[in-house]
Amino acid sequence: MGLELTVPPTVELSPSNAVVHWRTDVASGTHVQISPASAKAFVPDKTPSAEHTVIVTGLQPGENYSVVVGSARVWLATNTFTITGNSPVKTPTPSAAPDEKKLVGHNPVALKAPSARQIWANWPSLPDHFARHGGDFQAKNADDYAVMSWEFLQRAKAEGLPAKVDETGVLRVFDTKSGTFASYNRDGTTKTFFKPGSRDYFERQPGKAVNLKNRN
């Protein structure tokens, strides 16, 4: 038998992004097509799974979006949603794939950050980093600051922000618009997160430039 849906694509919306989730009867890769092309899709976990989640960024007020989900070999279903005013408003209209398979179930999920202990590489150093740099991001507390560093990495991957990887596997990311810099260990845990005073700070960091959108 071929790949089949057990839960159709559902959309959870926030003011800045959309999280699309669906479920299949067997593990497969996670693939999605977004239109219009101004929106960008990011798959946070590329491991084959029966649970599939995609983050959509670049949403614009007044736009209608279509999301087609499936695997590398087959498209399974479509969902549409609309952005009105300054906040996304869901239009829950999942439709069948071309073979008109029956879609059942409803299980919207939102991507949640890990705990601060899982995010921050050197846990005892977090209070000091927060005391020195938490104000850069109006973080409420040290845990909030750590979560912001994780969210920054997810956005960096989705948007393809400038990034470098050095010979030890440390990833360094910079947002030219906000001046935010962060570095992460090979396992994705945060080493540091702040806004350096110098705009050439990132250029002076070691490592080879990488495209985060194409990086596993």
# chains A, B, ... in the order shown; residues from 1 in each chain; ligands from 1

$ select_by_dssp --residues "range 51-211 of chain A" --states "alpha helix (DSSP H)" --output "JSON, numbers by chain"
{"A": [116, 117, 118, 119, 126, 127, 128, 129, 130, 131, 132, 133, 142, 143, 144, 145, 146, 147, 148, 149, 150, 151, 152, 153, 154, 155, 156, 157, 158, 159]}

$ residues_around --residues "range 154-164 of chain A" --least-positions-apart "3" --cutoff "7 Å" --atoms "only C-alpha atoms" --output "mmCIF file with C-alpha atoms, in the first residue's frame"
data_model
loop_
_atom_site.group_PDB
_atom_site.id
_atom_site.type_symbol
_atom_site.label_atom_id
_atom_site.label_comp_id
_atom_site.auth_asym_id
_atom_site.auth_seq_id
_atom_site.Cartn_x
_atom_site.Cartn_y
_atom_site.Cartn_z
ATOM 1 C CA LYS A 40 9.087 30.275 3.127
ATOM 2 C CA ALA A 41 8.811 26.816 4.684
ATOM 3 C CA PHE A 42 11.209 25.318 7.233
ATOM 4 C CA TRP A 150 16.510 28.831 20.271
ATOM 5 C CA GLU A 151 13.821 30.771 18.391
ATOM 6 C CA LEU A 171 27.718 27.470 14.100
ATOM 7 C CA ARG A 172 27.707 31.261 14.170
ATOM 8 C CA VAL A 173 24.680 33.226 12.933
ATOM 9 C CA PHE A 174 24.127 36.941 12.366
ATOM 10 C CA ASP A 175 21.030 38.990 11.534
ATOM 11 C CA GLY A 207 34.426 29.536 9.935
ATOM 12 C CA LYS A 208 33.170 28.847 6.442
ATOM 13 C CA ALA A 209 29.932 30.366 5.158
ATOM 14 C CA VAL A 210 27.011 27.924 4.982
ATOM 15 C CA ASN A 211 23.470 28.068 3.608
ATOM 16 C CA LEU A 212 21.231 27.202 6.559
ATOM 17 C CA LYS A 213 18.256 26.510 4.285
#

$ residues_around --residues "range 12-22 of chain A" --least-positions-apart "4" --cutoff "6 Å" --atoms "only C-alpha atoms" --output "tab-separated table (two decimals) with N, CA and C atoms, in the first residue's frame"
chain	number	residue	atom	x	y	z
A	7	VAL	N	-4.08	11.98	9.70
A	7	VAL	CA	-4.56	13.30	10.15
A	7	VAL	C	-4.23	14.30	9.06
A	8	PRO	N	-5.21	15.02	8.53
A	8	PRO	CA	-4.96	15.98	7.45
A	8	PRO	C	-4.18	17.18	7.93
A	52	HIS	N	4.48	15.02	11.17
A	52	HIS	CA	5.14	15.98	10.29
A	52	HIS	C	4.79	17.41	10.72
A	53	THR	N	5.82	18.26	10.83
A	53	THR	CA	5.62	19.65	11.20
A	53	THR	C	6.47	20.54	10.32
A	54	VAL	N	5.88	21.63	9.84
A	54	VAL	CA	6.57	22.61	9.01
A	54	VAL	C	6.25	24.00	9.53
A	55	ILE	N	7.26	24.86	9.61
A	55	ILE	CA	7.07	26.25	10.00
A	55	ILE	C	7.07	27.12	8.75
A	56	VAL	N	6.06	27.97	8.61
A	56	VAL	CA	5.96	28.87	7.47
A	56	VAL	C	6.20	30.30	7.94
A	57	THR	N	7.15	30.98	7.33
A	57	THR	CA	7.47	32.36	7.69
A	57	THR	C	7.25	33.27	6.47
A	87	SER	N	-2.87	40.21	11.99
A	87	SER	CA	-2.80	38.89	12.58
A	87	SER	C	-3.35	37.85	11.63
A	88	PRO	N	-2.70	36.66	11.58
A	88	PRO	CA	-3.22	35.59	10.74
A	88	PRO	C	-4.57	35.10	11.25

$ select_by_dssp --residues "range 27-176 of chain A" --states "strand (DSSP E or B)" --output "PyMOL selection string"
chain A and resi 27-28+31-35+40-42+49-57+64-70+75-84+87-89+95-96+120+163-165+171-175

$ residues_around --residues "range 33-38 of chain A" --least-positions-apart "4" --cutoff "9 Å" --atoms "only C-alpha atoms" --output "list of chain:residue names"
A:Val56, A:Thr57, A:Gly58, A:Leu59, A:Gln60, A:Glu63, A:Asn64, A:Tyr65, A:Ser66, A:Val67, A:Val68, A:Val69, A:Gly70

$ atom_distance --atom1 "CA of His31 in chain A" --atom2 "CA of Ser71 in chain A"
5.1 Å

$ closest_residue --among "A:Thr192, A:Ser125, A:Thr168, A:Asn79" --to "Phe152 in chain A" --atoms "only C-alpha atoms"
A:Thr192
